[in-house]
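Scroll down for the structure; my scribbles are underneath it.
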Amino acid sequence: MSTRFHHHDLLRLFAEIARYSSFSTAASALNMTKGAISYQIKTLEADLGMILFQRTSRGVTLTGEGLKLLAICQTRYEEIEAEIHALKGISTRSLTVGVSTYFAARWLSPRLMSFMQSHPDVQIRIQPMIEFSEAEMQDVDLAIRWGSGNWIGGTVTPFMPMPPYPVGDRAAADLVIELGMKEAISHLTLLRDRDDSNAWSDWLNVAKLPRQSRRDALIVPDPNVRAQAVIDGQGIALMDDLVRDDLNAERLFRLSETDLPDYGYFLVQPHSSAPTGAVQSFLDWILGQS
């Protein structure tokens with residue numbers, strides 16, 4: 001006779017804890033103590049015979065087994081919720097899309113109504129994201145992310161090529177005209193999206209310019225804030241054609257014709273996200289928009 005699994009309540013708790021990057025954060029959000037959460041997870045791990053979380057100096061991350069279990073749990077809970085909706089006579093399907101406010105405001109928002117009209121049964125939620133961290137990605141069904149597409153933890157689909165190029169304010173543009181880009185860039189602060197970003201290094205390689213040794217690079221994760229920082233004269237940044245209105249209004253100025261051809265926007269479906277019909281409907285729609 002097979003042994004039945006008795007800790008289904010802990011599976012639900014596990015799925016909730018997995019949304020956070022540390023037990024302390026999860027404890028605060030779930031109104032529990034860190035010790036209680038740690039005990040419950042240890043109990044579940046012992047019963048399953050596998051390690052679900054890897055403890056790090058910064059918190060916790062899901063192991064390979066943890067990611068697989070989370071995907072199983074989320075799929076089953078979504079099926080249960082769908083059945084409950086059906087029992088209540090509700091046909092709405094839900095979909096959470098993670099996206100930067102920059103892309104949402106400058107590209108997605110003006111087009112989103114066509115998806116809603118074509119799929120009235122899908123309740124879509126736009127989740128603002130900045131870091132696109134592992135913890136953030138666990139809260140979305142799909143993310144629209146800018147970069148080179150070299151990421152792990154999800155299925156990455158090329159969506160919209162949009163090569164970035166350096167932009168600055170009028171003073172930066174005048175400096176480039178006066179000194180040339182090679183000399184001018186050594187006098188300008190480089191704005192980056194995150195500390196480990198390779199975008200500027202990649203651009204300098206493509207432009208055949210020397211790496212910069214200046215230490216005053218400014219980290220501005222939010223693209224909207226980064227564009228405004230450039231307008232305010234705080235430095236120069238790699239931006240894409242979504243700032244076209246700012247270029248036309250001469251709030252921003254393109255500083256070089258060189259761009260990064262492999263960069264753009266990608267669709268990322270986290271491995272922990274179930275491939276639902278709502279996700280596929282959105283994928284089909286948005287790929288038809290590019």
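Chain labels run A, B, ... following the order of the structure tokens; each chain numbers its residues from 1, and ligands are numbered from 1 in the order shown.
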Residues within 9 Å of Ser94 in chain A, please, as a list of chain:residue names. Count only C-alpha atoms; anything in the same chain fewer than 3 positions from it doesn't count.
A:Asp121, A:Val122, A:Gln123, A:Ile124, A:Arg125, A:Ala278, A:Val279
For Val206 in chain A, find every residue with an atom within 12 Å (counting only C-alpha atoms), except residues of its own chain fewer than 5 positions away, and show them as a list in words.
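Near Val206 in chain A, the qualifying residues are Pro164, Tyr165, Ala199, Trp200, Ser201, Arg211, Ser256, Glu257, Thr258, Asp259, Leu260, Pro261 and Asp262 of chain A.
Coordinates place CA of Gly154 in chain A at a distance of 21.4 Å from CA of Leu108 in chain A.
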Based on DSSP run over this structure's backbone, return all residues of range 58-248 of chain A in strand (DSSP E), as number ranges by chain.
A: 59-62, 93-99, 122-128, 142-147, 154-161, 165-168, 190-192, 218-219, 236-239
Could you pull out the helix (DSSP H, G or I) residues of range 45-209 of chain A from DSSP and send them as an NGL selection string?
:A and (45-48 or 64-87 or 101-118 or 134-137 or 170-179 or 181-187 or 199-206)
Using only C-alpha atoms, please write the residues we just selected to a file, as a PDB file, in the first residue's frame.
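Contents of the output file selection27.pdb:
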ATOM      1  CA  GLU A  45      11.651  19.182   2.612  1.00  0.00           C
ATOM      2  CA  ALA A  46      12.021  16.251   5.009  1.00  0.00           C
ATOM      3  CA  ASP A  47       8.722  14.731   3.899  1.00  0.00           C
ATOM      4  CA  LEU A  48       9.539  15.154   0.210  1.00  0.00           C
ATOM      5  CA  GLY A  64      16.027  22.968  -9.441  1.00  0.00           C
ATOM      6  CA  GLU A  65      13.650  20.684  -7.538  1.00  0.00           C
ATOM      7  CA  GLY A  66      12.030  23.728  -5.936  1.00  0.00           C
ATOM      8  CA  LEU A  67      11.395  25.350  -9.325  1.00  0.00           C
ATOM      9  CA  LYS A  68       9.825  22.134 -10.658  1.00  0.00           C
ATOM     10  CA  LEU A  69       7.609  21.764  -7.581  1.00  0.00           C
ATOM     11  CA  LEU A  70       6.536  25.410  -7.816  1.00  0.00           C
ATOM     12  CA  ALA A  71       5.516  24.949 -11.448  1.00  0.00           C
ATOM     13  CA  ILE A  72       3.473  21.864 -10.489  1.00  0.00           C
ATOM     14  CA  CYS A  73       1.791  23.686  -7.596  1.00  0.00           C
ATOM     15  CA  GLN A  74       0.963  26.795  -9.613  1.00  0.00           C
ATOM     16  CA  THR A  75      -0.510  24.723 -12.427  1.00  0.00           C
ATOM     17  CA  ARG A  76      -2.737  22.785 -10.048  1.00  0.00           C
ATOM     18  CA  TYR A  77      -3.855  25.866  -8.118  1.00  0.00           C
ATOM     19  CA  GLU A  78      -4.680  27.687 -11.350  1.00  0.00           C
ATOM     20  CA  GLU A  79      -6.743  24.690 -12.451  1.00  0.00           C
ATOM     21  CA  ILE A  80      -8.582  24.715  -9.123  1.00  0.00           C
ATOM     22  CA  GLU A  81      -9.254  28.447  -9.403  1.00  0.00           C
ATOM     23  CA  ALA A  82     -10.495  27.974 -12.968  1.00  0.00           C
ATOM     24  CA  GLU A  83     -12.859  25.227 -11.831  1.00  0.00           C
ATOM     25  CA  ILE A  84     -14.147  27.442  -9.011  1.00  0.00           C
ATOM     26  CA  HIS A  85     -14.752  30.239 -11.523  1.00  0.00           C
ATOM     27  CA  ALA A  86     -16.613  27.750 -13.708  1.00  0.00           C
ATOM     28  CA  LEU A  87     -18.780  26.652 -10.772  1.00  0.00           C
ATOM     29  CA  THR A 101       6.706  51.478 -16.974  1.00  0.00           C
ATOM     30  CA  TYR A 102       8.885  52.895 -19.770  1.00  0.00           C
ATOM     31  CA  PHE A 103       7.804  50.217 -22.250  1.00  0.00           C
ATOM     32  CA  ALA A 104       4.241  50.123 -20.952  1.00  0.00           C
ATOM     33  CA  ALA A 105       3.713  53.864 -21.411  1.00  0.00           C
ATOM     34  CA  ARG A 106       5.620  54.311 -24.669  1.00  0.00           C
ATOM     35  CA  TRP A 107       4.599  51.180 -26.571  1.00  0.00           C
ATOM     36  CA  LEU A 108       2.234  48.720 -24.880  1.00  0.00           C
ATOM     37  CA  SER A 109      -0.497  50.975 -23.497  1.00  0.00           C
ATOM     38  CA  PRO A 110      -1.599  52.505 -26.824  1.00  0.00           C
ATOM     39  CA  ARG A 111      -2.010  49.012 -28.309  1.00  0.00           C
ATOM     40  CA  LEU A 112      -3.410  47.075 -25.366  1.00  0.00           C
ATOM     41  CA  MET A 113      -7.049  47.902 -26.077  1.00  0.00           C
ATOM     42  CA  SER A 114      -6.956  45.799 -29.251  1.00  0.00           C
ATOM     43  CA  PHE A 115      -5.984  42.726 -27.201  1.00  0.00           C
ATOM     44  CA  MET A 116      -8.728  43.396 -24.656  1.00  0.00           C
ATOM     45  CA  GLN A 117     -11.312  43.761 -27.416  1.00  0.00           C
ATOM     46  CA  SER A 118     -10.165  40.546 -29.090  1.00  0.00           C
ATOM     47  CA  GLU A 134      13.973  36.039  -9.790  1.00  0.00           C
ATOM     48  CA  ALA A 135      11.548  37.091  -7.050  1.00  0.00           C
ATOM     49  CA  GLU A 136       9.734  39.528  -9.376  1.00  0.00           C
ATOM     50  CA  MET A 137       9.524  36.954 -12.166  1.00  0.00           C
ATOM     51  CA  ARG A 170      22.267  69.581 -25.529  1.00  0.00           C
ATOM     52  CA  ALA A 171      25.457  70.220 -23.543  1.00  0.00           C
ATOM     53  CA  ALA A 172      26.600  66.623 -24.076  1.00  0.00           C
ATOM     54  CA  ALA A 173      25.792  66.855 -27.781  1.00  0.00           C
ATOM     55  CA  ASP A 174      27.806  70.078 -28.089  1.00  0.00           C
ATOM     56  CA  LEU A 175      30.736  68.434 -26.291  1.00  0.00           C
ATOM     57  CA  VAL A 176      30.698  65.495 -28.728  1.00  0.00           C
ATOM     58  CA  ILE A 177      30.671  67.919 -31.668  1.00  0.00           C
ATOM     59  CA  GLU A 178      33.583  69.843 -30.167  1.00  0.00           C
ATOM     60  CA  LEU A 179      35.817  66.975 -29.029  1.00  0.00           C
ATOM     61  CA  MET A 181      32.953  60.925 -29.178  1.00  0.00           C
ATOM     62  CA  LYS A 182      36.230  59.260 -28.197  1.00  0.00           C
ATOM     63  CA  GLU A 183      37.387  62.250 -26.145  1.00  0.00           C
ATOM     64  CA  ALA A 184      33.971  63.542 -25.041  1.00  0.00           C
ATOM     65  CA  ILE A 185      32.806  60.280 -23.470  1.00  0.00           C
ATOM     66  CA  SER A 186      35.701  60.371 -21.001  1.00  0.00           C
ATOM     67  CA  HIS A 187      34.228  63.610 -19.602  1.00  0.00           C
ATOM     68  CA  ALA A 199      25.431  47.314 -22.299  1.00  0.00           C
ATOM     69  CA  TRP A 200      27.961  50.149 -22.189  1.00  0.00           C
ATOM     70  CA  SER A 201      30.896  47.735 -22.493  1.00  0.00           C
ATOM     71  CA  ASP A 202      29.202  46.084 -25.474  1.00  0.00           C
ATOM     72  CA  TRP A 203      28.570  49.456 -27.097  1.00  0.00           C
ATOM     73  CA  LEU A 204      32.155  50.632 -26.617  1.00  0.00           C
ATOM     74  CA  ASN A 205      33.371  47.419 -28.250  1.00  0.00           C
ATOM     75  CA  VAL A 206      31.061  47.890 -31.241  1.00  0.00           C
TER      76      VAL A 206
END
Counting only C-alpha atoms, the option among A:Met160, A:Ala15, A:Ile152, A:Val60 closest to Gln289 in chain A:
A:Met160
So that I can check the surroundings of Met129 in chain A, please list as a ChimeraX atom specification every protein, DNA and RNA residue that reaches within 7 Å of it, counting only C-alpha atoms and ignoring chain neighbours fewer than 3 positions away.
/A:98-100,132
Can you write out the residues you just picked, keeping N, CA and C atoms, as an mmCIF file, in the first residue's frame?
data_model
loop_
_atom_site.group_PDB
_atom_site.id
_atom_site.type_symbol
_atom_site.label_atom_id
_atom_site.label_comp_id
_atom_site.auth_asym_id
_atom_site.auth_seq_id
_atom_site.Cartn_x
_atom_site.Cartn_y
_atom_site.Cartn_z
ATOM 1 N N GLY A 98 4.563 41.219 -16.745
ATOM 2 C CA GLY A 98 5.549 42.092 -16.132
ATOM 3 C C GLY A 98 6.242 42.936 -17.184
ATOM 4 N N VAL A 99 6.354 44.223 -16.930
ATOM 5 C CA VAL A 99 6.914 45.128 -17.933
ATOM 6 C C VAL A 99 7.394 46.398 -17.242
ATOM 7 N N SER A 100 8.387 47.050 -17.803
ATOM 8 C CA SER A 100 8.819 48.335 -17.251
ATOM 9 C C SER A 100 7.769 49.389 -17.572
ATOM 10 N N PHE A 132 13.588 42.947 -12.782
ATOM 11 C CA PHE A 132 13.295 41.652 -13.402
ATOM 12 C C PHE A 132 14.060 40.552 -12.655
#
Between CA of Ala36 in chain A and CA of Ser57 in chain A, distance in Å (one decimal)
19.9 Å
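Among the candidates A:Ala207, A:Ala249, A:Met162, A:Ala274, the residue lying nearest to Ser290 in chain A is A:Met162 (atoms considered: only C-alpha atoms).
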With only C-alpha atoms as the basis for distance, which of A:Thr33, A:Ile219, A:Ile41, A:Asp245 is at the shortest distance from Ile17 in chain A?
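Under the stated criterion, the closest residue is A:Ile41.
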Find the residue from A:Leu242, A:Leu209, A:Gly233, A:Val97 that sits nearest to Arg145 in chain A; use only C-alpha atoms when measuring.
A:Val97
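Look at Ala27 in chain A: the protein and nucleic acid residues within 12 Å of it, using only C-alpha atoms and passing over chain neighbours fewer than 5 places away, are Leu13, Phe14, Glu16, Ile17, Ala18, Arg19, Tyr20, Ser21, Ser22, Met32, Thr33, Lys34, Gly35, Ala36, Ile37, Ser38, Tyr39 and Gln40 of chain A.
Between CA of Val230 in chain A and CA of Tyr265 in chain A lies a distance of 21.5 Å.
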